[in-house]
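Visitor: Below you'll find structure23.txt; it's compact mmCIF, C-alpha atoms.
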```txt
# COMPACT_ATOMS: atom_id res chain seq x y z
CA MET C 1 127.38 84.04 106.41
CA THR C 2 129.46 81.65 108.45
CA GLY C 3 130.38 78.01 108.06
CA ASP C 4 130.05 74.72 109.94
CA SER C 5 132.14 71.58 109.78
CA GLY C 6 130.34 68.64 108.28
CA ILE C 7 128.13 70.88 106.15
CA ARG C 8 128.79 71.23 102.42
CA GLY C 9 129.89 74.64 101.22
CA THR C 10 131.15 77.66 103.06
CA HIS C 11 129.43 80.70 104.33
CA GLY C 12 130.29 83.72 106.46
CA THR C 13 129.37 87.07 107.82
CA ARG C 14 132.46 88.81 106.52
CA GLY C 15 131.82 91.21 103.67
CA GLY C 16 133.72 93.11 101.05
CA ALA C 17 132.73 96.15 99.03
CA ASP C 18 129.00 96.43 98.61
CA GLY C 19 129.19 97.19 94.92
CA THR C 20 126.15 99.41 95.08
CA GLY C 21 125.98 103.08 94.27
CA ALA C 22 123.30 105.68 94.32
CA ALA C 23 121.26 103.45 92.07
CA GLY C 24 122.04 100.27 93.99
CA GLY C 25 119.45 97.55 94.48
CA GLY C 26 116.45 96.77 92.36
CA ALA C 27 114.13 99.34 90.91
CA VAL C 28 111.90 100.96 93.49
CA SER C 29 108.55 102.42 92.68
CA GLY C 30 107.67 105.93 93.69
CA GLY C 31 105.04 104.86 96.22
CA GLY C 32 105.13 105.34 99.91
CA GLY C 33 103.32 108.63 100.36
CA ALA C 34 104.86 111.85 101.48
CA VAL C 35 106.19 111.95 105.01
CA ARG C 36 105.48 115.16 106.85
CA ALA C 37 107.97 116.45 109.34
CA PRO C 38 107.10 116.58 113.05
CA GLY C 39 105.09 119.61 114.13
CA ALA C 40 106.49 122.74 115.68
CA ARG C 41 104.99 125.27 118.02
CA LYS C 42 101.96 127.11 116.75
CA ARG C 43 102.28 130.81 116.61
CA ALA C 44 100.48 132.36 119.51
CA GLY C 45 97.98 135.13 118.89
CA ALA C 46 98.39 138.36 120.71
CA VAL C 47 96.08 138.81 123.66
CA ALA C 48 94.68 142.21 124.57
CA VAL C 49 93.21 142.69 128.00
CA GLY C 50 91.17 145.76 128.91
CA ALA C 51 88.32 146.58 131.27
CA GLY C 52 87.60 142.91 131.96
CA LEU C 53 87.49 142.08 128.23
CA LEU C 54 89.84 139.35 126.90
CA LEU C 55 90.36 139.70 123.17
CA ALA C 56 92.22 136.97 121.23
CA VAL C 57 93.91 138.17 118.07
CA ALA C 58 94.35 135.59 115.32
CA PRO C 59 97.91 134.97 113.99
CA PRO C 60 98.84 136.40 110.62
CA ALA C 61 97.92 134.23 107.62
CA ALA C 62 100.93 135.10 105.49
CA VAL C 63 102.61 131.72 106.14
CA GLY C 64 100.59 128.47 106.24
CA ALA C 65 100.74 126.44 109.43
CA GLY C 66 101.97 123.33 107.58
CA GLU C 67 104.76 125.27 105.89
CA GLU C 68 105.80 126.82 109.17
CA ARG C 69 105.91 123.45 110.92
CA GLY C 70 107.99 122.00 108.08
CA ARG C 71 110.49 124.85 108.26
CA ALA C 72 110.87 124.52 112.02
CA ALA C 73 111.51 120.78 111.80
CA ALA C 74 113.84 121.11 108.82
CA ASP C 75 115.90 123.76 110.61
CA GLU C 76 117.05 121.08 113.07
CA CYS C 77 118.07 118.48 110.42
CA VAL C 78 121.58 119.03 109.07
CA SER C 79 122.76 115.72 107.57
CA SER C 80 124.51 115.97 104.22
CA THR C 81 123.60 114.35 100.89
CA GLY C 82 123.68 110.55 101.13
CA PRO C 83 124.53 107.88 98.53
CA TYR C 84 120.84 106.97 98.12
CA GLN C 85 119.56 110.53 98.07
CA ARG C 86 117.65 110.30 94.79
CA GLU C 87 115.96 107.03 95.72
CA LEU C 88 114.76 108.39 99.05
CA GLU C 89 113.63 111.67 97.48
CA GLY C 90 111.55 109.79 94.92
CA TYR C 91 110.00 107.47 97.46
CA LEU C 92 109.13 110.31 99.82
CA ARG C 93 107.79 112.43 96.95
CA ARG C 94 110.34 115.13 97.42
CA PRO C 95 111.84 117.04 94.46
CA VAL C 96 114.35 114.57 92.98
CA ASP C 97 117.63 116.41 92.47
CA GLY C 98 120.07 114.25 94.42
CA VAL C 99 120.98 117.13 96.71
CA GLN C 100 120.02 117.19 100.38
CA SER C 101 117.86 120.07 101.57
CA PRO C 102 116.63 120.73 105.12
CA GLU C 103 113.16 119.57 104.02
CA ASP C 104 114.59 116.37 102.44
CA CYS C 105 116.52 115.71 105.63
CA ALA C 106 113.41 116.13 107.77
CA ALA C 107 111.38 113.78 105.53
CA ILE C 108 114.10 111.10 105.55
CA ARG C 109 114.47 111.43 109.30
CA ALA C 110 110.72 110.99 109.79
CA PHE C 111 110.83 107.79 107.69
CA GLN C 112 113.79 106.50 109.69
CA THR C 113 111.95 107.19 112.93
CA SER C 114 108.83 105.38 111.71
CA GLU C 115 110.90 102.28 110.86
CA ALA C 116 113.04 102.37 114.03
CA ILE C 117 116.23 103.00 112.06
CA THR C 118 119.07 104.35 114.18
CA PRO C 119 120.46 106.87 114.03
CA ALA C 120 117.43 108.73 112.70
CA ASP C 121 119.47 111.64 111.37
CA GLY C 122 118.04 112.20 107.88
CA TYR C 123 121.06 110.74 106.07
CA ALA C 124 120.17 108.61 103.00
CA ASN C 125 122.43 105.63 103.76
CA LEU C 126 122.31 101.97 102.75
CA VAL C 127 120.24 100.73 105.70
CA THR C 128 117.61 103.40 105.03
CA TYR C 129 117.53 102.54 101.33
CA ARG C 130 117.24 98.78 101.92
CA THR C 131 114.50 99.33 104.49
CA MET C 132 112.69 101.65 102.08
CA THR C 133 112.83 98.95 99.39
CA ALA C 134 111.23 96.40 101.73
CA VAL C 135 108.56 98.85 102.91
CA ASP C 136 107.78 99.83 99.31
CA ALA C 137 107.23 96.15 98.44
CA ARG C 138 104.79 95.43 101.27
CA GLY C 139 101.66 96.07 99.24
CA ASN C 140 102.45 93.48 96.56
CA PRO C 141 106.01 92.09 96.72
CA ASN C 142 105.35 89.57 93.94
CA ALA C 143 103.89 92.06 91.46
CA GLU C 144 106.27 90.84 88.74
CA ARG C 145 105.39 87.19 89.49
CA MET C 146 109.03 86.19 89.92
CA CYS C 147 108.33 83.96 92.93
CA PRO C 148 106.18 80.93 92.02
CA ASP C 149 102.75 80.59 93.64
CA ARG C 150 102.27 77.23 95.33
CA SER C 151 99.63 75.79 97.65
CA TYR C 152 102.36 75.34 100.26
CA SER C 153 104.70 77.82 101.95
CA VAL C 154 107.41 79.35 99.74
CA THR C 155 110.00 81.76 101.14
CA CYS C 156 110.94 84.13 98.32
CA VAL C 157 114.50 85.51 98.20
CA ASP C 158 114.79 88.40 95.75
CA LEU C 159 118.50 89.02 95.14
CA ASP C 160 117.82 92.03 92.90
CA ARG C 161 115.99 94.01 95.56
CA GLN C 162 117.67 92.30 98.53
CA ILE C 163 114.38 91.46 100.23
CA LEU C 164 112.70 88.29 101.49
CA TRP C 165 109.08 87.36 102.14
CA THR C 166 107.01 84.19 102.55
CA GLN C 167 103.81 83.38 100.70
CA THR C 168 101.32 80.52 100.68
CA ASP C 169 99.05 80.03 97.69
CA GLY C 170 99.92 83.55 96.56
CA GLU C 171 99.04 85.16 99.90
CA VAL C 172 101.85 86.90 101.78
CA VAL C 173 102.19 85.44 105.28
CA PHE C 174 105.52 87.07 106.16
CA ASP C 175 105.96 90.65 104.97
CA PRO C 176 109.05 91.71 103.00
CA VAL C 177 112.15 92.44 105.08
CA PRO C 178 115.64 93.59 104.06
CA ILE C 179 118.35 90.97 103.71
CA ARG C 180 122.05 90.66 102.86
CA THR C 181 123.06 87.86 100.50
CA GLY C 182 126.31 86.46 99.09
CA ARG C 183 129.02 88.78 97.84
CA ASP C 184 130.72 88.53 94.43
CA ASP C 185 132.09 85.03 93.70
CA GLU C 186 130.21 83.65 96.73
CA GLU C 187 126.67 84.41 95.65
CA THR C 188 123.61 82.83 97.21
CA ARG C 189 122.69 79.98 94.90
CA PRO C 190 119.52 80.57 92.86
CA GLY C 191 116.67 78.13 92.27
CA TRP C 192 114.52 75.86 94.41
CA HIS C 193 115.75 74.74 97.82
CA ALA C 194 114.29 73.18 100.96
CA ILE C 195 115.22 73.61 104.61
CA TYR C 196 116.99 70.43 105.70
CA TRP C 197 118.40 71.37 109.11
CA ARG C 198 117.75 74.03 111.75
CA ASP C 199 119.85 75.15 114.72
CA ILE C 200 118.58 78.00 116.86
CA ASP C 201 121.98 78.77 118.47
CA HIS C 202 124.34 77.78 115.68
CA VAL C 203 127.97 78.88 115.88
CA SER C 204 130.30 78.69 112.89
CA THR C 205 133.33 76.44 113.05
CA GLU C 206 134.83 78.01 109.92
CA TYR C 207 134.70 81.72 110.71
CA ASN C 208 136.04 82.27 114.22
CA ASP C 209 133.01 80.95 116.09
CA ALA C 210 130.80 83.61 114.53
CA PRO C 211 127.23 83.36 115.85
CA MET C 212 124.50 82.32 113.41
CA PRO C 213 121.29 82.55 115.48
CA TYR C 214 118.10 81.02 114.12
CA ALA C 215 120.02 79.21 111.35
CA GLN C 216 117.90 77.34 108.79
CA PHE C 217 120.12 75.54 106.27
CA PHE C 218 118.76 75.09 102.77
CA ASP C 219 121.67 74.32 100.38
CA GLY C 220 125.01 72.93 101.49
CA GLY C 221 126.38 75.45 103.96
CA GLN C 222 124.00 78.23 102.93
CA ALA C 223 121.36 79.19 105.46
CA LEU C 224 118.86 81.80 106.49
CA HIS C 225 120.10 83.25 109.78
CA GLY C 226 120.19 86.34 111.95
CA ARG C 227 123.13 88.69 112.14
CA PRO C 228 123.64 90.14 115.63
CA ASP C 229 125.75 93.02 114.29
CA ASP C 230 124.85 95.66 111.71
CA LEU C 231 123.16 93.78 108.86
CA PHE C 232 124.73 96.08 106.26
CA ASP C 233 128.25 96.23 107.67
CA GLY C 234 130.31 94.95 104.75
CA GLY C 235 129.34 94.13 101.21
CA GLY C 236 127.80 90.70 101.61
CA SER C 237 127.91 87.24 103.12
CA ALA C 238 129.69 84.21 101.70
CA GLY C 239 126.38 82.83 100.49
CA CYS C 240 124.01 82.86 103.44
CA VAL C 241 120.89 84.98 103.58
CA ASN C 242 121.48 87.33 106.52
CA LEU C 243 118.53 88.92 108.32
CA ARG C 244 118.07 91.33 111.20
CA LEU C 245 117.91 89.36 114.42
CA SER C 246 114.23 90.07 115.04
CA ASP C 247 113.30 89.06 111.48
CA ALA C 248 115.32 85.84 111.74
CA ARG C 249 113.52 84.98 114.98
CA ASP C 250 110.09 85.57 113.43
CA LEU C 251 111.01 83.51 110.37
CA TRP C 252 112.24 80.71 112.63
CA ASP C 253 108.82 80.61 114.28
CA LEU C 254 107.10 80.44 110.88
CA LEU C 255 109.18 77.88 108.98
CA ASP C 256 110.20 74.28 109.53
CA VAL C 257 112.23 71.47 107.96
CA ASP C 258 111.21 70.72 104.34
CA ASP C 259 109.71 74.18 103.78
CA ALA C 260 110.51 75.53 100.31
CA ILE C 261 112.78 78.46 99.44
CA PHE C 262 113.03 80.04 96.01
CA VAL C 263 115.97 82.30 95.10
CA TRP C 264 116.32 84.41 91.95
CA GLY C 265 117.99 87.52 90.56
CA THR C 266 121.41 89.09 91.02
CA LYS C 267 122.72 90.96 94.04
CA PRO C 268 123.79 94.48 93.03
CA GLY C 269 127.54 94.59 92.46
CA THR C 270 127.95 90.85 91.77
CA ALA C 271 127.11 90.65 88.05
CA ASP C 272 129.87 89.14 85.87
```
Kindly transcribe the structure held in the file into structure tokens.
Guide:
Amino acid sequence: MTGDSGIRGTHGTRGGADGTGAAGGGAVSGGGGAVRAPGARKRAGAVAVGAGLLLAVAPPAAVGAGEERGRAAADECVSSTGPYQRELEGYLRRPVDGVQSPEDCAAIRAFQTSEAITPADGYANLVTYRTMTAVDARGNPNAERMCPDRSYSVTCVDLDRQILWTQTDGEVVFDPVPIRTGRDDEETRPGWHAIYWRDIDHVSTEYNDAPMPYAQFFDGGQALHGRPDDLFDGGGSAGCVNLRLSDARDLWDLLDVDDAIFVWGTKPGTAD
């Protein structure tokens, strides 16, 4: 999160230690269905030709086709155990032992590919975990009723799970996306807020002219805004709610001045 002269508070995109470990972030349910690895070549049957007769011989049935495809795909995935291994294993309905296997790697890689995460290498890193948390919440992000239902638009900022969504009268109108909020001692302020100023090409005057595209200020110097660089590079902002650039652009198109924002919870690693 970055800052701007004339605006109360400070904010920046510089981050410290994330403060999250293998169990970082909010609790994640075990949904999300198993992800099958990409297919491999089918075993070809032998073909016997004799006296004008073509005879196709079926492949042996000792190994199932699905198992064979999984082995072939897993053979090519060699990433090591990641810091969010157990969380990804549980979500993808793999055996949860916290140790990477070729099959785990292939399943994680398939999830990364489906969500356009790069590199899609099967490594259970922070960006994959945060994306998984947002995807897992898509069905019913407000299941615990932490974000108040109102007849008007409310953008819900869940610090525990590090996700954001927008709802109107209880209906989700902007699906959950991963975010990065304020680091320890510079936490994003909880409670009700309202957007009071927007600047599509904002540049910070406090933090070395750092770009803050699609900035929507809601409390002093704290704002929703895009982060052109890696969203998860560093442990947190100085209070702003950072989003991927594409998500910030979509949220800009949805919201306007006076729209409500509700923030609650505690970012992992910032508890006193």
Visitor: What lies within 7 Å of Arg244 of chain C using all atoms listed in the file, ignoring chain neighbours under 4 positions off, as a list in words?
Guide: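 Once the adjacent positions are removed, what remains is Gly226, Arg227, Leu231 and Ala248 of chain C.
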Visitor: Create the file for the chosen residues now, containing C-alpha atoms and written as an mmCIF file, in the frame of the given file.
Guide:
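Okay, part-v5.cif is ready:
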```cif
data_model
loop_
_atom_site.group_PDB
_atom_site.id
_atom_site.type_symbol
_atom_site.label_atom_id
_atom_site.label_comp_id
_atom_site.auth_asym_id
_atom_site.auth_seq_id
_atom_site.Cartn_x
_atom_site.Cartn_y
_atom_site.Cartn_z
ATOM 1 C CA GLY C 226 120.190 86.340 111.950
ATOM 2 C CA ARG C 227 123.130 88.690 112.140
ATOM 3 C CA LEU C 231 123.160 93.780 108.860
ATOM 4 C CA ALA C 248 115.320 85.840 111.740
#
```
Visitor: Just the number, please: distance in Å from atom CA of Asp247 of chain C to atom CA of Cys105 of chain C, one decimal.
Guide: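 Answer for the atom CA of Asp247 of chain C to atom CA of Cys105 of chain C separation: 27.5 Å.
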Visitor: As an exercise, work out the distance from atom CA of Val241 of chain C to atom CA of Asp158 of chain C in Å and give it to one decimal place.
Guide: 10.5 Å
Visitor: Could you tell me which of C:Ile195, C:Leu164, C:Val127, C:Ala260 comes closest to Phe232 of chain C if we count only C-alpha atoms?
Guide: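 Going through C:Ile195, C:Leu164, C:Val127, C:Ala260 one by one, the smallest distance to Phe232 of chain C is for C:Val127.
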Visitor: Residues within 8 Å of Gln85 of chain C, please, as a PyMOL selection string. Count all atoms listed in the file; anything in the same chain fewer than 3 positions from it doesn't count.
Guide: chain C and resi 22+81-82+88-89+98-100+124
Visitor: Give me, as a PyMOL selection string, all polymer residues having an atom no more than 12 Å from Ile179 of chain C, counting all atoms listed in the file and skipping those fewer than 4 positions away in the same chain.
Guide: chain C and resi 1+25+126-127+129-131+133-134+156-165+188+224-227+230-233+235-237+239-245+247-248+267
Visitor: Work out how far atom CA of Thr128 of chain C is from atom CA of Asn142 of chain C, in Å to one decimal.
Guide: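 Those two atoms sit 21.6 Å apart.
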Visitor: Return as AutoDock Vina command-line options the box centre and box size in Å, one decimal, for an axis-aligned box around all listed atoms of segment 120-131 of chain C padded by 5 Å per side.
Guide:
```
--center_x 118.5 --center_y 105.5 --center_z 107.0 --size_x 17.9 --size_y 23.4 --size_z 21.4
```
Visitor: Can you find the residues with an atom no farther than 12 Å from (114.3, 111.6, 114.8), counting only C-alpha atoms, and report them as a PDB file with C-alpha atoms, keeping the file's coordinate frame?
Guide:
```pdb
ATOM      1  CA  ALA C  37     107.970 116.450 109.340  1.00  0.00           C
ATOM      2  CA  PRO C  38     107.100 116.580 113.050  1.00  0.00           C
ATOM      3  CA  ALA C  73     111.510 120.780 111.800  1.00  0.00           C
ATOM      4  CA  ALA C  74     113.840 121.110 108.820  1.00  0.00           C
ATOM      5  CA  GLU C  76     117.050 121.080 113.070  1.00  0.00           C
ATOM      6  CA  CYS C  77     118.070 118.480 110.420  1.00  0.00           C
ATOM      7  CA  VAL C  78     121.580 119.030 109.070  1.00  0.00           C
ATOM      8  CA  SER C  79     122.760 115.720 107.570  1.00  0.00           C
ATOM      9  CA  CYS C 105     116.520 115.710 105.630  1.00  0.00           C
ATOM     10  CA  ALA C 106     113.410 116.130 107.770  1.00  0.00           C
ATOM     11  CA  ALA C 107     111.380 113.780 105.530  1.00  0.00           C
ATOM     12  CA  ILE C 108     114.100 111.100 105.550  1.00  0.00           C
ATOM     13  CA  ARG C 109     114.470 111.430 109.300  1.00  0.00           C
ATOM     14  CA  ALA C 110     110.720 110.990 109.790  1.00  0.00           C
ATOM     15  CA  PHE C 111     110.830 107.790 107.690  1.00  0.00           C
ATOM     16  CA  GLN C 112     113.790 106.500 109.690  1.00  0.00           C
ATOM     17  CA  THR C 113     111.950 107.190 112.930  1.00  0.00           C
ATOM     18  CA  SER C 114     108.830 105.380 111.710  1.00  0.00           C
ATOM     19  CA  GLU C 115     110.900 102.280 110.860  1.00  0.00           C
ATOM     20  CA  ALA C 116     113.040 102.370 114.030  1.00  0.00           C
ATOM     21  CA  ILE C 117     116.230 103.000 112.060  1.00  0.00           C
ATOM     22  CA  THR C 118     119.070 104.350 114.180  1.00  0.00           C
ATOM     23  CA  PRO C 119     120.460 106.870 114.030  1.00  0.00           C
ATOM     24  CA  ALA C 120     117.430 108.730 112.700  1.00  0.00           C
ATOM     25  CA  ASP C 121     119.470 111.640 111.370  1.00  0.00           C
ATOM     26  CA  GLY C 122     118.040 112.200 107.880  1.00  0.00           C
ATOM     27  CA  TYR C 123     121.060 110.740 106.070  1.00  0.00           C
TER      28      TYR C 123
END
```
Visitor: Would you mind telling me which residue in C:Phe218, C:Phe174, C:Tyr84, C:Trp252 lies nearest to Val96 of chain C when using all atoms listed in the file?
Guide: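 For Val96 of chain C, the nearest of the given residues is C:Tyr84.
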Visitor: Identify which of the residues C:Ser101, C:Gly234, C:Thr266, C:Arg93 lies closest to Asp185 of chain C, counting all atoms listed in the file when measuring atom-to-atom distances.
Guide: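 Among the listed residues, the smallest separation from Asp185 of chain C belongs to C:Thr266.
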Visitor: For each of C:Asp169, C:Glu87, C:Asp259, C:Asp229, take the minimum atom-to-atom distance to Trp192 of chain C, counting all atoms listed in the file, then give the residue where this is smallest.
Guide: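 For Trp192 of chain C, the nearest of the candidates is C:Asp259.
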Visitor: Check the smallest atom-to-atom distance from each of C:Arg145, C:Arg249, C:His202, C:Arg189 to Gly220 of chain C using only C-alpha atoms, then report the winner.
Guide: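 Ranked by minimum distance to Gly220 of chain C, first place goes to C:Arg189.
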Visitor: Pick out the closest residue to Met132 of chain C from this set: C:Gly90, C:Pro102, C:Gly170, C:Pro228. Count only C-alpha atoms.
Guide: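 Counting only C-alpha atoms, the residue closest to Met132 of chain C is C:Gly90.
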